[in-house]
Amino acid sequence: MSLAEPRAAFTTAAPRPAPRSTDAPGASDGLGEAVWVSARTARLLLGAIALAALLIQGGVFFQKSWLWTGDTIYHHAVMAEIQAGELLPGGPYAGLPAFYSPLLHYLAAGVGLGLQVELTEAVRVLSILVAPLTPLAAYWLARALGMEREVALAGALFATFGGGLKLAKDRVWVDALFTGQHNFFPLFPRDIAFVLLPLGLGCLYRAVAHDWRPGAWLAGLAFGLMVLAHTQTAVFAAPLLGLYLGLVILVRRDLLGRVLRVGLVTAALGLAVSAFWWTWMLRTLWQSGSFSVSMPAYRVPVKLSLWEFPLEFGVFLILGPIGVFLVARRFRRERDLGALLLLVWWAAPVLLAILRPTGFPGGDTFFPRRLWQFASQPLVLMAGLALVAGVGELRRLRRPGPVLGAAILAVGALALVPSSVGTWQRIGEFWNEPSFADRDWDLAGNFGIGPWLAARARAEGPRTVVAPTPEATLVWYYAGQKVVYLHPTAAIKLAFDVERMTGHSEDERHADLLAGYAGDIRDLERVRDRYGAAYVVLRRDGDRLAFVDRPARAIQPDGDGRGAGRLAETNHYEYLAMAPGDRAQFVVSSPDDRSAAVILRAKRRGRAQERGTLGTLTVNGTPGAIPESELPRDDWADVRRVVPLRAGPNVVQLESSAQLEVIRFAAYTGSTAELPLGWRVAYEDAWYVVLTKDEGQAVKDRGEEAGA
């Protein structure tokens with residue numbers, strides 16, 4: 001039996017008299033005459049499916065320049081860290097290891113460096129390469145399990161594009177209940193795991209059922225790579241393998257020795273291939289003492305009721321059970337180990353998804369949504385068996401060709417088109433503009449510090465950068481540099497105990513960053529020294545620097561509440577939502593008595609309630625009205641004033657008379673002449689300066705100062 005063309009065991013043709021054993025499959029379910037497809041035709045059709053996957057799912061027609069929504073920020077940052085030489089990538093803070101397995105990040109970083117393209121383009125290249133592997137893997141598995149070519153083709157098509165009829169945002173793309181919809185651009189670690197899982201299971205089956213010697217080794221390689229691609233999927237696959245092999249021993253006691261040999265070889269090789277990763281993770285867990293991955297608030301367990309099944313599963317609600325019945329009948333009649341694999345692979349996640357108690361451990365891996373995705377891979381193969389069996393029955397009843405064609409077309413359209421269109425539309429909603437937080441960003445313009453810091457990271461390795469929020473998130477995302485603090489969301493996946501791993505807790509980091517940008521440059525110097533930062537980022541306005549740069553939380557230091565506004569969290573940043581009548585008050589510092597430009601970055605959500613005034617910005621008791629014309633509706637803009645400041649603390653108060661959203665307050669109170677000894681400008685443009693500290697120059701300056 002060759003790897004490419006295993007003999008058929010699941011057949012819909014008329015029964016053949018040849019005897020069947022586990023090592024020589026070839027019997028039939030007797031489901032009626034099938035539409036036999038030649039090997040050449042099968043290759044052409046499979047190639048067409050793979051090409052369709054490449055064009056539709058691979059990202060050829062998705063033009064995205066930034067990937068910074070949700071998990072893509074994390075993945076891009078880790079890729080940038082690897083390009084900077086951190087081969088065991090970490091999180092946003094120095095000393096904090098990364099949570100995700102690194103295979104995708106290694107591949108993207110390598111493609112980016114090899115082709116000299118941005119990481120977003122590297123991800124697109126990988127998406128294009130991996131997308132066709134889904135139908136190829138599904139077809140190979142079906143043939144390895146003994147299914148006929150037409151069944152394997154139907155299964156490959158369903159595995160690639162199949163889905164339900166519900167097109168809500170939480171049922172398409174990565175949240176779909178079918179893995180084919182997950183396979184769309186951009187490539188995620190789970191997509192790689194979903195390709196490796198059927199390959200590993202197919203090799204394991206052939207090693208056990210047919211004593212195919214390379215099978216255990218190839219299965220071990222596949223599962224080892226799965227650990228490196230997406231450890232959570234491997235965590236689910238491990239007990240699934242154990243359950244299957246245990247049932248094989250119960251069904252075929254004569255295979256005990258073979259099962260033990262195959263299981264040991266597969267496990268040993270899988271663990272060996274991924275040893276550098278999981279041993280590092282175990283050490284990290286030991287050091288951290290805790291592990292927790294937060295989930296986004298909208299990502300809740302999916303509990304499906306029976307009346308939702310028609311929309312959730314579409315035609316697979318009919319084809320799936322029929323296929324399960326045919327496979328179960330196959331197993332009952334002949335104890336076929338391929339049938340057993342499909343049944344175990346499907347039933348285990350389905351039962352867990354249905355019976356999973358509240359609070360079940362495992363996080364997103366064992367959410368019902370993910371469990372349905374696991375179950376969809378064997379389900380679509382069994383649905384392909386049901387479809388071909390149905391066509392065979394219609395042919396046996398001598399239905400005319402147009403009837404057969406119409407039936408196949410209708411089933412295919414319902415199974416493939418709605419979910420694929422829904423996923424395509426959903427992806428089209430993301431990453432269309434280079435906007436993050438309160439502005440659009442341009443690598444050749446207001447985010448020129450990104451490429452510069454990325455180049456420094458590749459030359460020096462990742463270093464810590466003191467940067468205000470939300471710029472800190474972009475510094476980590478694009479350059480792979482570490483930061484003092486960024487606003488943590490579920491997508492950042494800190495996972496481990498930040499204080500134990502880095503020496504500073506999240507609250508401590510946050511407080512330090514707020515203090516550093518409160519206006520006293522000496523506090524910023526202390527933050528730089530405390531975290532061993534190589535660079536400090538300051539906003540600039542002409543020749544003036546923003547020693548004061550306060551995020552929303554610092555604008556309302558006493559916390560939100562009635563009359564004080566409400567801190568709202570969105571994609572990796574916070575803003576202060578103020579209703580008419582709300583008041584916020586905070587304190588900033590100035591080096592001495594001087595006039596300085598201050599900028600309140602905000603947007604309005606409604607009309608002013610009093611004489612066209614949106615509110616009042618008061619500095620040291622001197623009020624200034626904010627006219628409605630100064631803040632366009634539903635768009636971020638600057639409220640700019642030049643105000644007198646006193647040396648030391650200054651009280652700033654904001655009163656709103658309309659619905660406002662405030663993201664930051666900056667005061668350009670300093671200049672390069674007022675920097676501490678030894679500080680110098682390492683990079684500057686019209687928007688930012690990046691400062692570094694030359695220790696040798698600092699000693700020289702202190703000596704000259706003492707001599708004077």
# chains A, B, ... in the order shown; residues from 1 in each chain; ligands from 1
call {"tool": "residues_around", "arguments": {"residues": "Gly615 of chain A", "least_positions_apart": "3", "cutoff": "9 Å", "atoms": "only C-alpha atoms", "output": "list in words"}}
result
Pro580, Gly581, Ala608, Glu610, Gly624, Ala625, Ile626, Pro627, Glu628, Leu654, Glu655, Ser656, Ser657, Ala658 and Leu660 of chain A
call {"tool": "select_by_dssp", "arguments": {"residues": "segment 328-374 of chain A", "states": "helix (DSSP H, G or I)", "output": "VMD selection string"}}
result
chain A and resid 328 to 334 337 to 355 363 to 366 368 to 374
call {"tool": "atom_distance", "arguments": {"atom1": "atom CA of Asp638 of chain A", "atom2": "atom CA of Ala602 of chain A"}}
result
6.5 Å
call {"tool": "closest_residue", "arguments": {"among": "A:Ala238, A:Val537, A:Val262, A:Leu443", "to": "Val483 of chain A", "atoms": "only C-alpha atoms"}}
result
A:Val537
call {"tool": "closest_residue", "arguments": {"among": "A:Leu187, A:Ala267, A:Val327, A:Val417", "to": "Leu67 of chain A", "atoms": "only C-alpha atoms"}}
result
A:Leu187
call {"tool": "atom_distance", "arguments": {"atom1": "atom CA of Glu471 of chain A", "atom2": "atom CA of Arg640 of chain A"}}
result
20.4 Å
call {"tool": "residues_around", "arguments": {"residues": "segment 290-292 of chain A", "least_positions_apart": "2", "cutoff": "6 Å", "atoms": "only C-alpha atoms", "output": "ChimeraX atom specification"}}
result
/A:288,495-496
call {"tool": "write_last_selection", "arguments": {"atoms": "all heavy atoms", "output": "compact mmCIF listing (two decimals), in the first residue's frame"}}
result
# COMPACT_ATOMS: atom_id res chain seq x y z
N SER A 288 7.10 30.83 37.60
CA SER A 288 5.96 31.74 37.73
C SER A 288 5.06 31.35 38.90
O SER A 288 4.55 32.22 39.62
CB SER A 288 5.15 31.76 36.43
OG SER A 288 3.97 32.51 36.58
N ALA A 495 -0.21 35.78 30.69
CA ALA A 495 -0.24 34.37 31.09
C ALA A 495 0.50 34.09 32.40
O ALA A 495 -0.06 33.48 33.30
CB ALA A 495 0.30 33.47 29.97
N PHE A 496 1.75 34.51 32.50
CA PHE A 496 2.54 34.17 33.67
C PHE A 496 2.55 35.33 34.67
O PHE A 496 2.13 36.44 34.36
CB PHE A 496 3.97 33.80 33.25
CG PHE A 496 4.02 32.71 32.23
CD1 PHE A 496 4.33 32.99 30.91
CD2 PHE A 496 3.73 31.40 32.58
CE1 PHE A 496 4.38 31.98 29.96
CE2 PHE A 496 3.77 30.39 31.64
CZ PHE A 496 4.09 30.67 30.33
call {"tool": "residues_around", "arguments": {"residues": "Gly480 of chain A", "least_positions_apart": "5", "cutoff": "9 Å", "atoms": "only C-alpha atoms", "output": "compact mmCIF listing (two decimals) with N, CA, C and O atoms, in the first residue's frame"}}
result
# COMPACT_ATOMS: atom_id res chain seq x y z
N HIS A 76 2.38 39.36 15.80
CA HIS A 76 3.32 40.22 15.07
C HIS A 76 4.49 40.62 15.97
O HIS A 76 5.65 40.62 15.54
N ALA A 77 4.19 40.94 17.23
CA ALA A 77 5.25 41.34 18.16
C ALA A 77 6.24 40.21 18.39
O ALA A 77 7.47 40.43 18.40
N VAL A 78 5.74 38.99 18.57
CA VAL A 78 6.63 37.86 18.79
C VAL A 78 7.48 37.59 17.55
O VAL A 78 8.67 37.26 17.65
N MET A 79 6.89 37.72 16.36
CA MET A 79 7.66 37.57 15.13
C MET A 79 8.79 38.60 15.07
O MET A 79 9.93 38.28 14.68
N ALA A 80 8.47 39.83 15.44
CA ALA A 80 9.50 40.88 15.42
C ALA A 80 10.60 40.59 16.43
O ALA A 80 11.78 40.85 16.18
N GLU A 81 10.25 40.03 17.59
CA GLU A 81 11.26 39.67 18.58
C GLU A 81 12.21 38.60 18.03
O GLU A 81 13.42 38.66 18.25
N ILE A 82 11.65 37.63 17.33
CA ILE A 82 12.49 36.57 16.75
C ILE A 82 13.43 37.16 15.71
O ILE A 82 14.62 36.81 15.65
N GLN A 83 12.92 38.07 14.89
CA GLN A 83 13.80 38.73 13.93
C GLN A 83 14.91 39.52 14.62
O GLN A 83 15.99 39.70 14.06
N ALA A 84 14.64 39.95 15.85
CA ALA A 84 15.65 40.70 16.61
C ALA A 84 16.60 39.78 17.37
O ALA A 84 17.46 40.26 18.12
N PRO A 92 5.72 41.39 26.33
CA PRO A 92 6.10 42.79 26.16
C PRO A 92 7.11 43.30 27.19
O PRO A 92 7.67 44.38 27.01
N LEU A 453 13.26 51.78 15.63
CA LEU A 453 13.42 50.91 16.79
C LEU A 453 13.54 49.44 16.37
O LEU A 453 14.24 48.67 17.02
N ALA A 454 12.86 49.06 15.28
CA ALA A 454 12.99 47.69 14.78
C ALA A 454 14.42 47.44 14.31
O ALA A 454 15.00 46.36 14.56
N ALA A 457 16.60 46.99 17.28
CA ALA A 457 16.38 45.69 17.91
C ALA A 457 17.15 44.60 17.17
O ALA A 457 17.74 43.71 17.79
N PRO A 462 16.49 42.81 21.46
CA PRO A 462 15.41 43.58 22.09
C PRO A 462 15.88 44.26 23.37
O PRO A 462 16.54 43.65 24.20
N ARG A 463 15.56 45.54 23.51
CA ARG A 463 15.89 46.31 24.70
C ARG A 463 14.59 46.90 25.25
O ARG A 463 13.57 46.95 24.56
N VAL A 475 5.12 50.03 19.79
CA VAL A 475 6.56 49.78 19.85
C VAL A 475 6.82 48.28 19.97
O VAL A 475 7.71 47.73 19.30
call {"tool": "select_by_dssp", "arguments": {"residues": "segment 490-690 of chain A", "states": "strand (DSSP E)", "output": "ChimeraX atom specification"}}
result
/A:535-541,544-545,548-551,566-570,573-578,583-590,594-604,613-619,622-627,637-645,648-656,660-668,679-684,688-690
call {"tool": "atom_distance", "arguments": {"atom1": "atom CA of Arg333 of chain A", "atom2": "atom CA of Ile249 of chain A"}}
result
17.4 Å
call {"tool": "decode", "arguments": {"residues": "segment 517-558 of chain A", "atoms": "N, CA and C atoms", "output": "PDB file, in the first residue's frame"}}
result
ATOM      1  N   TYR A 517       5.738  60.271  33.179  1.00  0.00           N
ATOM      2  CA  TYR A 517       5.237  61.253  32.203  1.00  0.00           C
ATOM      3  C   TYR A 517       4.333  62.295  32.851  1.00  0.00           C
ATOM      4  N   ALA A 518       4.550  62.548  34.146  1.00  0.00           N
ATOM      5  CA  ALA A 518       3.739  63.557  34.835  1.00  0.00           C
ATOM      6  C   ALA A 518       4.326  64.953  34.735  1.00  0.00           C
ATOM      7  N   GLY A 519       5.544  65.078  34.181  1.00  0.00           N
ATOM      8  CA  GLY A 519       6.095  66.401  33.942  1.00  0.00           C
ATOM      9  C   GLY A 519       7.470  66.641  34.518  1.00  0.00           C
ATOM     10  N   ASP A 520       7.882  65.849  35.527  1.00  0.00           N
ATOM     11  CA  ASP A 520       9.211  66.024  36.120  1.00  0.00           C
ATOM     12  C   ASP A 520      10.168  65.060  35.425  1.00  0.00           C
ATOM     13  N   ILE A 521      11.119  65.575  34.662  1.00  0.00           N
ATOM     14  CA  ILE A 521      12.018  64.738  33.881  1.00  0.00           C
ATOM     15  C   ILE A 521      12.872  63.849  34.784  1.00  0.00           C
ATOM     16  N   ARG A 522      13.061  64.271  36.049  1.00  0.00           N
ATOM     17  CA  ARG A 522      13.821  63.435  36.974  1.00  0.00           C
ATOM     18  C   ARG A 522      13.076  62.130  37.285  1.00  0.00           C
ATOM     19  N   ASP A 523      11.756  62.193  37.329  1.00  0.00           N
ATOM     20  CA  ASP A 523      10.972  60.968  37.528  1.00  0.00           C
ATOM     21  C   ASP A 523      11.101  60.045  36.322  1.00  0.00           C
ATOM     22  N   LEU A 524      11.134  60.631  35.130  1.00  0.00           N
ATOM     23  CA  LEU A 524      11.298  59.820  33.928  1.00  0.00           C
ATOM     24  C   LEU A 524      12.679  59.158  33.919  1.00  0.00           C
ATOM     25  N   GLU A 525      13.690  59.884  34.416  1.00  0.00           N
ATOM     26  CA  GLU A 525      15.027  59.305  34.499  1.00  0.00           C
ATOM     27  C   GLU A 525      15.052  58.139  35.480  1.00  0.00           C
ATOM     28  N   ARG A 526      14.330  58.268  36.591  1.00  0.00           N
ATOM     29  CA  ARG A 526      14.279  57.176  37.559  1.00  0.00           C
ATOM     30  C   ARG A 526      13.605  55.943  36.968  1.00  0.00           C
ATOM     31  N   VAL A 527      12.575  56.158  36.173  1.00  0.00           N
ATOM     32  CA  VAL A 527      11.915  55.033  35.508  1.00  0.00           C
ATOM     33  C   VAL A 527      12.873  54.363  34.535  1.00  0.00           C
ATOM     34  N   ARG A 528      13.590  55.164  33.765  1.00  0.00           N
ATOM     35  CA  ARG A 528      14.560  54.611  32.824  1.00  0.00           C
ATOM     36  C   ARG A 528      15.599  53.755  33.544  1.00  0.00           C
ATOM     37  N   ASP A 529      16.126  54.286  34.655  1.00  0.00           N
ATOM     38  CA  ASP A 529      17.150  53.552  35.392  1.00  0.00           C
ATOM     39  C   ASP A 529      16.582  52.305  36.057  1.00  0.00           C
ATOM     40  N   ARG A 530      15.382  52.404  36.576  1.00  0.00           N
ATOM     41  CA  ARG A 530      14.801  51.280  37.305  1.00  0.00           C
ATOM     42  C   ARG A 530      14.586  50.079  36.401  1.00  0.00           C
ATOM     43  N   TYR A 531      14.215  50.314  35.161  1.00  0.00           N
ATOM     44  CA  TYR A 531      13.920  49.216  34.239  1.00  0.00           C
ATOM     45  C   TYR A 531      15.059  48.948  33.258  1.00  0.00           C
ATOM     46  N   GLY A 532      16.165  49.642  33.439  1.00  0.00           N
ATOM     47  CA  GLY A 532      17.300  49.423  32.561  1.00  0.00           C
ATOM     48  C   GLY A 532      16.982  49.715  31.111  1.00  0.00           C
ATOM     49  N   ALA A 533      16.172  50.732  30.871  1.00  0.00           N
ATOM     50  CA  ALA A 533      15.718  51.034  29.516  1.00  0.00           C
ATOM     51  C   ALA A 533      16.847  51.628  28.683  1.00  0.00           C
ATOM     52  N   ALA A 534      16.885  51.229  27.432  1.00  0.00           N
ATOM     53  CA  ALA A 534      17.887  51.762  26.505  1.00  0.00           C
ATOM     54  C   ALA A 534      17.409  53.042  25.842  1.00  0.00           C
ATOM     55  N   TYR A 535      16.082  53.198  25.715  1.00  0.00           N
ATOM     56  CA  TYR A 535      15.544  54.341  24.981  1.00  0.00           C
ATOM     57  C   TYR A 535      14.325  54.898  25.708  1.00  0.00           C
ATOM     58  N   VAL A 536      14.116  56.200  25.530  1.00  0.00           N
ATOM     59  CA  VAL A 536      12.948  56.898  26.072  1.00  0.00           C
ATOM     60  C   VAL A 536      12.298  57.653  24.928  1.00  0.00           C
ATOM     61  N   VAL A 537      10.990  57.503  24.800  1.00  0.00           N
ATOM     62  CA  VAL A 537      10.246  58.144  23.718  1.00  0.00           C
ATOM     63  C   VAL A 537       9.456  59.322  24.272  1.00  0.00           C
ATOM     64  N   LEU A 538       9.603  60.480  23.629  1.00  0.00           N
ATOM     65  CA  LEU A 538       8.836  61.669  23.981  1.00  0.00           C
ATOM     66  C   LEU A 538       8.180  62.234  22.727  1.00  0.00           C
ATOM     67  N   ARG A 539       6.953  62.689  22.877  1.00  0.00           N
ATOM     68  CA  ARG A 539       6.300  63.407  21.785  1.00  0.00           C
ATOM     69  C   ARG A 539       6.930  64.795  21.672  1.00  0.00           C
ATOM     70  N   ARG A 540       6.880  65.356  20.462  1.00  0.00           N
ATOM     71  CA  ARG A 540       7.453  66.680  20.273  1.00  0.00           C
ATOM     72  C   ARG A 540       6.485  67.575  19.519  1.00  0.00           C
ATOM     73  N   ASP A 541       6.655  68.863  19.734  1.00  0.00           N
ATOM     74  CA  ASP A 541       5.882  69.884  19.029  1.00  0.00           C
ATOM     75  C   ASP A 541       6.853  71.019  18.726  1.00  0.00           C
ATOM     76  N   GLY A 542       7.378  71.007  17.489  1.00  0.00           N
ATOM     77  CA  GLY A 542       8.429  71.958  17.166  1.00  0.00           C
ATOM     78  C   GLY A 542       9.678  71.626  17.959  1.00  0.00           C
ATOM     79  N   ASP A 543      10.180  72.614  18.720  1.00  0.00           N
ATOM     80  CA  ASP A 543      11.369  72.358  19.534  1.00  0.00           C
ATOM     81  C   ASP A 543      11.017  72.021  20.974  1.00  0.00           C
ATOM     82  N   ARG A 544       9.741  71.830  21.261  1.00  0.00           N
ATOM     83  CA  ARG A 544       9.305  71.519  22.610  1.00  0.00           C
ATOM     84  C   ARG A 544       8.969  70.035  22.739  1.00  0.00           C
ATOM     85  N   LEU A 545       9.226  69.485  23.931  1.00  0.00           N
ATOM     86  CA  LEU A 545       8.997  68.072  24.201  1.00  0.00           C
ATOM     87  C   LEU A 545       7.894  67.907  25.244  1.00  0.00           C
ATOM     88  N   ALA A 546       7.126  66.833  25.102  1.00  0.00           N
ATOM     89  CA  ALA A 546       5.996  66.577  26.000  1.00  0.00           C
ATOM     90  C   ALA A 546       6.499  65.852  27.243  1.00  0.00           C
ATOM     91  N   PHE A 547       7.007  66.627  28.204  1.00  0.00           N
ATOM     92  CA  PHE A 547       7.344  66.017  29.489  1.00  0.00           C
ATOM     93  C   PHE A 547       6.073  65.518  30.189  1.00  0.00           C
ATOM     94  N   VAL A 548       4.954  66.120  29.849  1.00  0.00           N
ATOM     95  CA  VAL A 548       3.653  65.698  30.382  1.00  0.00           C
ATOM     96  C   VAL A 548       2.915  64.932  29.292  1.00  0.00           C
ATOM     97  N   ASP A 549       2.577  63.684  29.558  1.00  0.00           N
ATOM     98  CA  ASP A 549       1.823  62.865  28.588  1.00  0.00           C
ATOM     99  C   ASP A 549       0.942  61.910  29.395  1.00  0.00           C
ATOM    100  N   ARG A 550      -0.300  62.309  29.613  1.00  0.00           N
ATOM    101  CA  ARG A 550      -1.179  61.610  30.537  1.00  0.00           C
ATOM    102  C   ARG A 550      -2.246  60.827  29.782  1.00  0.00           C
ATOM    103  N   PRO A 551      -2.322  59.509  29.995  1.00  0.00           N
ATOM    104  CA  PRO A 551      -3.398  58.721  29.387  1.00  0.00           C
ATOM    105  C   PRO A 551      -4.710  58.933  30.134  1.00  0.00           C
ATOM    106  N   ALA A 552      -5.756  58.288  29.649  1.00  0.00           N
ATOM    107  CA  ALA A 552      -7.090  58.510  30.208  1.00  0.00           C
ATOM    108  C   ALA A 552      -7.146  58.212  31.696  1.00  0.00           C
ATOM    109  N   ARG A 553      -6.490  57.147  32.141  1.00  0.00           N
ATOM    110  CA  ARG A 553      -6.569  56.771  33.560  1.00  0.00           C
ATOM    111  C   ARG A 553      -5.931  57.839  34.452  1.00  0.00           C
ATOM    112  N   ALA A 554      -4.901  58.511  33.966  1.00  0.00           N
ATOM    113  CA  ALA A 554      -4.270  59.567  34.752  1.00  0.00           C
ATOM    114  C   ALA A 554      -5.101  60.843  34.755  1.00  0.00           C
ATOM    115  N   ILE A 555      -5.962  61.005  33.752  1.00  0.00           N
ATOM    116  CA  ILE A 555      -6.840  62.171  33.724  1.00  0.00           C
ATOM    117  C   ILE A 555      -7.913  62.051  34.798  1.00  0.00           C
ATOM    118  N   GLN A 556      -8.225  60.826  35.169  1.00  0.00           N
ATOM    119  CA  GLN A 556      -9.182  60.595  36.244  1.00  0.00           C
ATOM    120  C   GLN A 556      -8.503  59.735  37.302  1.00  0.00           C
ATOM    121  N   PRO A 557      -7.551  60.309  38.044  1.00  0.00           N
ATOM    122  CA  PRO A 557      -6.728  59.503  38.961  1.00  0.00           C
ATOM    123  C   PRO A 557      -7.497  58.891  40.117  1.00  0.00           C
ATOM    124  N   ASP A 558      -8.627  59.496  40.493  1.00  0.00           N
ATOM    125  CA  ASP A 558      -9.398  58.966  41.615  1.00  0.00           C
ATOM    126  C   ASP A 558     -10.359  57.870  41.193  1.00  0.00           C
TER     127      ASP A 558
END
